[in-house]
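Enquirer: Before I ask anything, let me first share the structure, which is written out below as structure tokens.
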Amino acid sequence: MDLNYTPEQQAFRAEVRAWLEAHVPSEPLEHFDATREGFEAHREWEKTLKSGDWGMVTWPREYGGRGLDLIEWLIFEEEYYRAGAPGRVNQNGIFLLGPTLIEFGTHEQKQRFLPRMASGEEIWAQAWSEPMAGSDLAGVRATATREGDDYILNGHKIWSSRAVFADWAFGLFREPGSERHKGMSLIFFPLDAPGVTVNAIKKINGHVGFAEIFLENVRVPAFNRLGEEGQGWHICMATAGFERGLMLRSPARYQVAAKKLAELWAANKETADPGLEADVVRAHMNADAYALNIYQTASRLMAGAKIGPEASTNKIFWSEMDIHLTQTALNILGPQAELTHEAPDACAVDWIDDYIFALAGPIYAGSNEIQRNIIAERMLGLPR
Amino acid sequence: MDFTLSEEQLMFAETARSLFADSCTPDHWRRMMEAGEAIDPARWAAIVETGLTLVLLPESAGGIDLTETDFALIAQEAGYVALPEPLIESAGVAAPMLAALAPDHALLADPTATIAIAHPANPYVANADSAGGIILHDGGDAWLATPDQVTLTAQPSIDPFRRLFSVAWDKDKATALGRADWNLAFDRAALFNAAFALGLAQRSVDLAVDYAKERQQFGKPIGSYQAVKHHLASAQVAIEFAKPVVAAAAAEIGARDTQARARVSHAKLVALEAADKAARAAIQVHGAMGYSWEVDVHLFLKRALALTQTWGTPSTHRARIATRIFTQPMGPDQTFARETENA
Ligand SMILES: Cc1cc2nc3c(=O)[nH]c(=O)nc-3n(C[C@H](O)[C@H](O)[C@H](O)COP(=O)(O)OP(=O)(O)OC[C@H]3O[C@@H](n4cnc5c(N)ncnc54)[C@H](O)[C@@H]3O)c2cc1C
């Protein structure tokens, strides 16, 4: 155990910091889920990032990455959030599908998809959920029927984040007649393919962040299947492991938020309830514990371990931490908490937006109830 | 940057685990409780023989000069069995203090002797009656006395294995040891109690899991009901997020700066919260059995309860974290930063 960064890691941090200082847009971009313009502005930012080779630092160079390890990835993320750089519009691609593609994809698939993912040229949506299959993902009904070297896709997907503007989606489809975990495959399809209809669904914050996707005889080559035919469930669980366990929520995001919260407290401490200081301390503790946990996981993975069911503990922890943190901010703000950013008295940081967003945390990426079931059954061994 | 333990560390922890698993079962405690004893001489002798009491002592005092990380792993295993003997306070806190002040002291040469410590943070001294010596505090100086050189007033604890005493003493009957590092003693005690609490917490969950697989209601094991599962899953989440904090605190305690102190405090807070949460979940899962003297969970609850308020109350530890937040730089690049760097 050595909790010091190596000189190489420190030099890497300095390199990332300098590049970001020179490139991060001075004005925040419009949210990528708010409008097409906001989305495209983020795509431009992804291209800028790629111009410095920062698209996805952990991927091999031949696939558009930098071949760095997970500790370097954490350092990159720390600097990224520290610099206040734009949110990653392609997070479904780079953080979820990417690692899975690297593990299960063929060389040709990696060459075809990863570099364009890293550059933002192709932005991805995740099309797993269906109206009748949310928590019970094995209940997916959308089908992939094999026809020679192609698949014909049919079905109805929903809650697909960013699919309104995105270019590609990765979905879970089953062989007609198959049941539950068997016969599923993970298949990629372009969102503008003939037979695909995408309808926007507004979120509670008014953004068009969700989409419903109808697929009617959509033809894609078998090349677009990730992993073996019928192995889709296994592959999706690996993706879910990355999502819950590591990539989707790097700690830096919460450390920046905890810092802003401490500043908010310092600025309002004369008027706010003194008891709230304990919550500010707690928010820092949570963010710090999360960072330590992720560093520990990264170290273990680098030493050859695999992500297991303990990934589910992360998902519960970060989602609950986010709600506690943002709610503490609202408590400090008092009557100003409800103001939107258009209000003349609005505060500089959009705590209310952050709070509303945090409320989705216990639902997406597998609801916290489902995560608790996984922990109880697969970590603790309780009966089903 | 590497957050993993070495093979030797894992092996050492494994040695402690099997020693405790064999020698410190619920049957052992129950016999001790009936006899009103807080130390089992045979077990303590085995602990001494395995070298667990020598981990933090320098070679000059006959020790093996390992680190706080190594001792924390042992403490965690001790917590898993709710070890009655004062391993932490004696070998983790008092003996290293004595070794720093008087490496040649005869007490250190007697491997089976335990040492108690009257730290200004604590009003009561644990296991003072059976100690070979008691380290006493006076304005930053340490003194040493034997139990018969001081006046002990028993202050019975809810935890049958914690024998607490008020100590009245007189300098005429004590030996001066000189200026001591009471802050280091405090930090070590808080850290090792945090590690001990991780063990307490995991044992509570494990006991409840075993019970929930066996006990049937409505024709099924209660562990198949989601409400029961979720109690235990939530406790396990608390444990999983206390573990790396304890590990980092152990690795950093030597820095002795604001960040390291905050981390030790963080470890103490969250590990004991996890122990409390787990013990209460375990009692709930056991139903009325959990409220009975016969089921072992209450011992884990009581130890957690006792350790939460000793070696710094939760508010003391929160205040140290607040100091870190409001006097040191914060942010994503500060996780492992030290007091002066990056400032
Ligand atoms: C902001 C946001 C973004 C999303 N983005 C995507 C995306 O990009 N792609 C995608 O495919 N999906 C996405 N989703 C969908 C998300 O994955 C599902 O909402 C989630 O899996 C829950 O499914 P559901 O909504 O159908 O709820 P349901 O499964 O109907 O659950 C409703 C409630 O019942 C509980 N429940 C259900 N089953 C059980 C059980 N067995 N035990 C205990 N409680 C249970 C749930 O925990 C929940 O509280 C997103 C959702 C949100 C909110």
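The way I read the labels, and the way they are meant: chains A, B, ... in the order of the structure tokens, residue 1 as the first residue of every chain, and ligand 1 as the first ligand shown, with later ones counted on from there.
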Could you give me, as a tab-separated table, a per-residue list for chain B showing, wherever an atom lies at most 10 Å from an atom of ligand 1, the closest pair of atoms and their distance in Å to one decimal, using only C-alpha atoms and all ligand atoms and sorting by chain then residue number from low to high?

Expert:
residue	atom	partner	partner_atom_place_in_ligand_line	distance
B:Tyr225	CA	ligand 1	42 (N)	9.9
B:Gln226	CA	ligand 1	42 (N)	7.1
B:Ala227	CA	ligand 1	43 (C)	9.2
B:His230	CA	ligand 1	43 (C)	9.5

Enquirer: Select from chain A every residue with an atom at most 8 Å from any atom of chain B, then for each give the shortest pair of atoms and their distance in Å to one decimal, using only C-alpha atoms, rows by chain and rising number, as a Markdown table.

Expert:
| residue | atom | partner | partner_atom | distance |
| --- | --- | --- | --- | --- |
| A:Met1 | CA | B:Phe3 | CA | 4.9 |
| A:Asp2 | CA | B:Asp2 | CA | 5.1 |
| A:Leu3 | CA | B:Met1 | CA | 5.0 |
| A:Asn4 | CA | B:Met1 | CA | 5.2 |
| A:Tyr5 | CA | B:Met1 | CA | 4.9 |
| A:Thr6 | CA | B:Met1 | CA | 6.5 |
| A:Ile71 | CA | B:Met1 | CA | 7.5 |
| A:Ile75 | CA | B:Asp333 | CA | 7.7 |
| A:Glu78 | CA | B:Pro332 | CA | 5.0 |
| A:Glu79 | CA | B:Asp333 | CA | 7.0 |
| A:Tyr81 | CA | B:Pro332 | CA | 7.4 |
| A:Arg82 | CA | B:Pro332 | CA | 6.4 |
| A:Pro251 | CA | B:Pro332 | CA | 7.6 |
| A:Ala252 | CA | B:Pro332 | CA | 4.9 |
| A:Arg253 | CA | B:Pro332 | CA | 7.8 |
| A:Gln255 | CA | B:Pro332 | CA | 5.2 |
| A:Val256 | CA | B:Gly331 | CA | 5.3 |
| A:Ala258 | CA | B:Gly331 | CA | 7.6 |
| A:Lys259 | CA | B:Gly331 | CA | 5.7 |
| A:Ala262 | CA | B:Ile325 | CA | 7.4 |
| A:Ala278 | CA | B:Arg318 | CA | 7.3 |
| A:Val281 | CA | B:Ala322 | CA | 6.0 |
| A:His284 | CA | B:Ile325 | CA | 7.7 |
| A:Met285 | CA | B:His266 | CA | 6.7 |
| A:Asp288 | CA | B:Thr335 | CA | 6.7 |
| A:Ala289 | CA | B:Val245 | CA | 5.9 |
| A:Tyr290 | CA | B:Phe241 | CA | 6.9 |
| A:Ala291 | CA | B:Thr335 | CA | 7.3 |
| A:Leu292 | CA | B:Pro244 | CA | 5.7 |
| A:Asn293 | CA | B:Pro244 | CA | 5.4 |
| A:Tyr295 | CA | B:Phe3 | CA | 6.7 |
| A:Gln296 | CA | B:Phe3 | CA | 5.1 |
| A:Ser299 | CA | B:Phe3 | CA | 5.4 |
| A:Arg300 | CA | B:Thr4 | CA | 6.4 |
| A:Thr313 | CA | B:Val237 | CA | 5.2 |
| A:Asn314 | CA | B:Val237 | CA | 7.9 |
| A:Ile316 | CA | B:Val237 | CA | 7.7 |
| A:Phe317 | CA | B:Val237 | CA | 7.1 |
| A:Glu369 | CA | B:His230 | CA | 7.7 |
| A:Arg372 | CA | B:Ala233 | CA | 5.4 |
| A:Asn373 | CA | B:Lys229 | CA | 6.6 |
| A:Ile375 | CA | B:Ala233 | CA | 5.6 |
| A:Ala376 | CA | B:Ala233 | CA | 5.3 |
| A:Glu377 | CA | B:Lys229 | CA | 7.9 |
| A:Leu380 | CA | B:Val209 | CA | 7.0 |
| A:Gly381 | CA | B:Val209 | CA | 7.7 |
| A:Leu382 | CA | B:Gly223 | CA | 5.6 |
| A:Pro383 | CA | B:Ser224 | CA | 5.0 |
| A:Arg384 | CA | B:Ser224 | CA | 5.2 |

Enquirer: Keeping only N, CA and C atoms, write the selected residues to a file as a compact mmCIF listing (two decimals), in the first residue's frame.

Expert:
# COMPACT_ATOMS: atom_id res chain seq x y z
N MET A 1 0.84 -1.19 0.00
CA MET A 1 0.00 0.00 0.00
C MET A 1 0.88 1.25 0.00
N ASP A 2 0.66 2.09 -0.97
CA ASP A 2 1.42 3.33 -1.02
C ASP A 2 0.47 4.39 -1.56
N LEU A 3 0.05 5.30 -0.69
CA LEU A 3 -0.96 6.27 -1.10
C LEU A 3 -0.34 7.56 -1.66
N ASN A 4 0.89 7.46 -2.11
CA ASN A 4 1.49 8.61 -2.78
C ASN A 4 1.45 8.39 -4.29
N TYR A 5 1.28 9.48 -5.01
CA TYR A 5 1.37 9.37 -6.46
C TYR A 5 2.83 9.26 -6.86
N THR A 6 3.09 8.51 -7.91
CA THR A 6 4.46 8.41 -8.41
C THR A 6 4.80 9.72 -9.14
N ILE A 71 -5.59 4.20 -12.44
CA ILE A 71 -5.20 5.29 -11.53
C ILE A 71 -5.03 6.57 -12.35
N ILE A 75 -6.96 10.17 -12.08
CA ILE A 75 -6.29 11.48 -12.06
C ILE A 75 -6.87 12.37 -13.16
N GLU A 78 -10.19 13.61 -12.07
CA GLU A 78 -10.05 14.64 -11.02
C GLU A 78 -9.75 15.99 -11.64
N GLU A 79 -8.84 15.97 -12.59
CA GLU A 79 -8.50 17.24 -13.23
C GLU A 79 -9.65 17.75 -14.09
N TYR A 81 -12.91 17.35 -13.66
CA TYR A 81 -13.94 18.00 -12.83
C TYR A 81 -13.42 19.25 -12.16
N ARG A 82 -12.16 19.22 -11.78
CA ARG A 82 -11.56 20.39 -11.14
C ARG A 82 -11.61 21.59 -12.10
N PRO A 251 -15.28 9.61 -8.72
CA PRO A 251 -15.46 10.33 -7.46
C PRO A 251 -15.33 11.85 -7.57
N ALA A 252 -14.59 12.31 -8.56
CA ALA A 252 -14.26 13.73 -8.62
C ALA A 252 -15.52 14.60 -8.65
N ARG A 253 -16.55 14.08 -9.30
CA ARG A 253 -17.81 14.81 -9.40
C ARG A 253 -18.33 15.19 -8.02
N GLN A 255 -16.57 15.16 -5.21
CA GLN A 255 -15.59 15.96 -4.46
C GLN A 255 -15.71 17.44 -4.82
N VAL A 256 -15.97 17.71 -6.09
CA VAL A 256 -16.21 19.11 -6.48
C VAL A 256 -17.48 19.62 -5.80
N ALA A 258 -18.81 18.56 -3.02
CA ALA A 258 -18.59 18.72 -1.57
C ALA A 258 -17.81 20.00 -1.28
N LYS A 259 -16.90 20.32 -2.18
CA LYS A 259 -16.14 21.57 -2.03
C LYS A 259 -17.06 22.77 -2.17
N ALA A 262 -19.10 23.17 0.91
CA ALA A 262 -18.36 23.77 2.03
C ALA A 262 -18.27 25.28 1.83
N ALA A 278 -22.86 19.74 10.49
CA ALA A 278 -22.64 18.29 10.55
C ALA A 278 -22.95 17.64 9.20
N VAL A 281 -20.04 18.38 6.86
CA VAL A 281 -18.94 17.46 7.19
C VAL A 281 -19.24 16.09 6.62
N HIS A 284 -18.63 15.83 2.89
CA HIS A 284 -17.19 15.67 2.61
C HIS A 284 -16.76 14.24 2.89
N MET A 285 -17.19 13.70 4.03
CA MET A 285 -16.81 12.33 4.39
C MET A 285 -17.28 11.35 3.31
N ASP A 288 -15.21 11.68 0.17
CA ASP A 288 -13.86 11.16 0.42
C ASP A 288 -13.90 9.63 0.47
N ALA A 289 -14.88 9.08 1.17
CA ALA A 289 -14.98 7.62 1.28
C ALA A 289 -15.20 7.01 -0.10
N TYR A 290 -16.00 7.67 -0.90
CA TYR A 290 -16.26 7.16 -2.24
C TYR A 290 -14.97 7.16 -3.07
N ALA A 291 -14.22 8.25 -2.96
CA ALA A 291 -12.95 8.32 -3.69
C ALA A 291 -12.01 7.21 -3.24
N LEU A 292 -11.92 7.01 -1.94
CA LEU A 292 -11.01 5.97 -1.43
C LEU A 292 -11.46 4.60 -1.91
N ASN A 293 -12.75 4.38 -1.88
CA ASN A 293 -13.28 3.09 -2.32
C ASN A 293 -12.93 2.84 -3.80
N TYR A 295 -10.47 4.25 -5.54
CA TYR A 295 -9.02 4.02 -5.67
C TYR A 295 -8.68 2.58 -5.29
N GLN A 296 -9.35 2.10 -4.26
CA GLN A 296 -9.08 0.73 -3.83
C GLN A 296 -9.53 -0.26 -4.92
N SER A 299 -7.11 -0.15 -7.80
CA SER A 299 -5.86 -0.87 -7.48
C SER A 299 -6.07 -2.37 -7.59
N ARG A 300 -7.21 -2.84 -7.10
CA ARG A 300 -7.48 -4.28 -7.16
C ARG A 300 -7.62 -4.76 -8.60
N THR A 313 -22.88 -2.05 -4.26
CA THR A 313 -22.78 -1.17 -3.08
C THR A 313 -22.43 0.25 -3.53
N ASN A 314 -21.63 0.37 -4.58
CA ASN A 314 -21.25 1.70 -5.07
C ASN A 314 -22.46 2.49 -5.53
N ILE A 316 -25.56 2.27 -4.74
CA ILE A 316 -26.37 2.76 -3.63
C ILE A 316 -25.67 3.94 -2.96
N PHE A 317 -24.36 3.78 -2.77
CA PHE A 317 -23.63 4.81 -2.03
C PHE A 317 -23.63 6.14 -2.78
N GLU A 369 -33.41 -0.66 -5.00
CA GLU A 369 -34.03 -1.86 -4.45
C GLU A 369 -33.41 -3.11 -5.09
N ARG A 372 -29.98 -3.68 -3.77
CA ARG A 372 -29.98 -4.30 -2.43
C ARG A 372 -30.29 -5.80 -2.54
N ASN A 373 -31.15 -6.16 -3.49
CA ASN A 373 -31.40 -7.59 -3.70
C ASN A 373 -30.11 -8.28 -4.14
N ILE A 375 -27.01 -7.39 -3.60
CA ILE A 375 -26.06 -7.48 -2.47
C ILE A 375 -26.46 -8.63 -1.55
N ALA A 376 -27.76 -8.66 -1.22
CA ALA A 376 -28.22 -9.68 -0.28
C ALA A 376 -28.04 -11.09 -0.85
N GLU A 377 -28.36 -11.26 -2.13
CA GLU A 377 -28.33 -12.61 -2.68
C GLU A 377 -26.93 -13.03 -3.13
N LEU A 380 -24.11 -11.65 0.08
CA LEU A 380 -24.34 -12.23 1.41
C LEU A 380 -24.87 -13.66 1.33
N GLY A 381 -25.35 -14.06 0.16
CA GLY A 381 -25.79 -15.45 0.01
C GLY A 381 -27.16 -15.75 0.58
N LEU A 382 -28.02 -14.76 0.69
CA LEU A 382 -29.38 -15.02 1.18
C LEU A 382 -30.20 -15.70 0.08
N PRO A 383 -31.20 -16.49 0.49
CA PRO A 383 -31.98 -17.22 -0.53
C PRO A 383 -32.85 -16.30 -1.37
N ARG A 384 -33.12 -16.71 -2.60
CA ARG A 384 -33.97 -15.91 -3.49
C ARG A 384 -35.43 -16.04 -3.12

Enquirer: For Ile88 in chain B, which of B:Ala185, B:Ala121, B:Ala45, B:Ile253 is the closest residue, counting only C-alpha atoms?

Expert: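 Using only C-alpha atoms, Ile88 in chain B sits closest to B:Ala185.
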
Enquirer: For CA of Arg180 in chain A and CA of Ala138 in chain A, determine how far apart the two atoms are, in Å to one decimal place.

Expert: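 CA of Ala138 in chain A lies 4.8 Å from CA of Arg180 in chain A.
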
Enquirer: Considering only C-alpha atoms, can you say which of A:Val16, A:Ile102, A:Ala211, A:Ala41 comes closest to Arg88 in chain A?

Expert: A:Ala41

Enquirer: Could you pull out all residues of range 16-192 of chain A with a DSSP call of strand (DSSP E or B) and give them as a VMD selection string?

Expert: chain A and resid 56 65 124 to 127 130 133 143 to 147 150 to 157 168 to 174 184 to 190

Enquirer: Export C-alpha atoms of the chosen residues as an mmCIF file, in the first residue's frame?

Expert:
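File produced: again_30.cif:
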data_model
loop_
_atom_site.group_PDB
_atom_site.id
_atom_site.type_symbol
_atom_site.label_atom_id
_atom_site.label_comp_id
_atom_site.auth_asym_id
_atom_site.auth_seq_id
_atom_site.Cartn_x
_atom_site.Cartn_y
_atom_site.Cartn_z
ATOM 1 C CA MET A 56 -10.902 7.928 -23.448
ATOM 2 C CA GLY A 65 -7.176 5.946 -26.501
ATOM 3 C CA TRP A 124 -24.358 6.369 -28.224
ATOM 4 C CA ALA A 125 -27.562 5.640 -26.390
ATOM 5 C CA GLN A 126 -28.327 2.618 -24.235
ATOM 6 C CA ALA A 127 -31.528 0.831 -25.320
ATOM 7 C CA GLU A 130 -38.758 -1.629 -22.336
ATOM 8 C CA ALA A 133 -39.088 -4.754 -18.733
ATOM 9 C CA THR A 143 -36.533 -9.530 -30.939
ATOM 10 C CA ALA A 144 -33.578 -10.088 -33.227
ATOM 11 C CA THR A 145 -34.392 -12.592 -35.966
ATOM 12 C CA ARG A 146 -31.413 -14.003 -37.817
ATOM 13 C CA GLU A 147 -31.614 -13.754 -41.620
ATOM 14 C CA ASP A 150 -28.214 -9.939 -40.813
ATOM 15 C CA TYR A 151 -30.542 -9.500 -37.891
ATOM 16 C CA ILE A 152 -34.037 -8.088 -38.202
ATOM 17 C CA LEU A 153 -34.891 -6.082 -35.081
ATOM 18 C CA ASN A 154 -38.408 -5.504 -33.793
ATOM 19 C CA GLY A 155 -39.716 -4.084 -30.566
ATOM 20 C CA HIS A 156 -40.215 -1.098 -28.313
ATOM 21 C CA LYS A 157 -37.521 0.431 -26.100
ATOM 22 C CA TRP A 168 -26.240 4.824 -32.380
ATOM 23 C CA ALA A 169 -27.809 2.653 -29.729
ATOM 24 C CA PHE A 170 -26.826 -0.647 -28.130
ATOM 25 C CA GLY A 171 -29.824 -2.766 -27.253
ATOM 26 C CA LEU A 172 -30.809 -6.037 -25.729
ATOM 27 C CA PHE A 173 -32.768 -8.304 -28.083
ATOM 28 C CA ARG A 174 -33.898 -11.880 -27.932
ATOM 29 C CA MET A 184 -30.529 -12.665 -25.625
ATOM 30 C CA SER A 185 -27.983 -10.783 -27.688
ATOM 31 C CA LEU A 186 -26.480 -7.315 -27.385
ATOM 32 C CA ILE A 187 -26.851 -5.594 -30.753
ATOM 33 C CA PHE A 188 -25.909 -2.162 -32.096
ATOM 34 C CA PHE A 189 -28.178 -0.210 -34.421
ATOM 35 C CA PRO A 190 -27.990 3.242 -35.983
#

Enquirer: Check the smallest atom-to-atom distance from each of B:Gly62, B:Pro160, B:Pro120, B:Gly92 to Leu299 in chain B using only C-alpha atoms, then report the winner.

Expert: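 Answer, going by the shortest atom-to-atom distance: B:Pro160.
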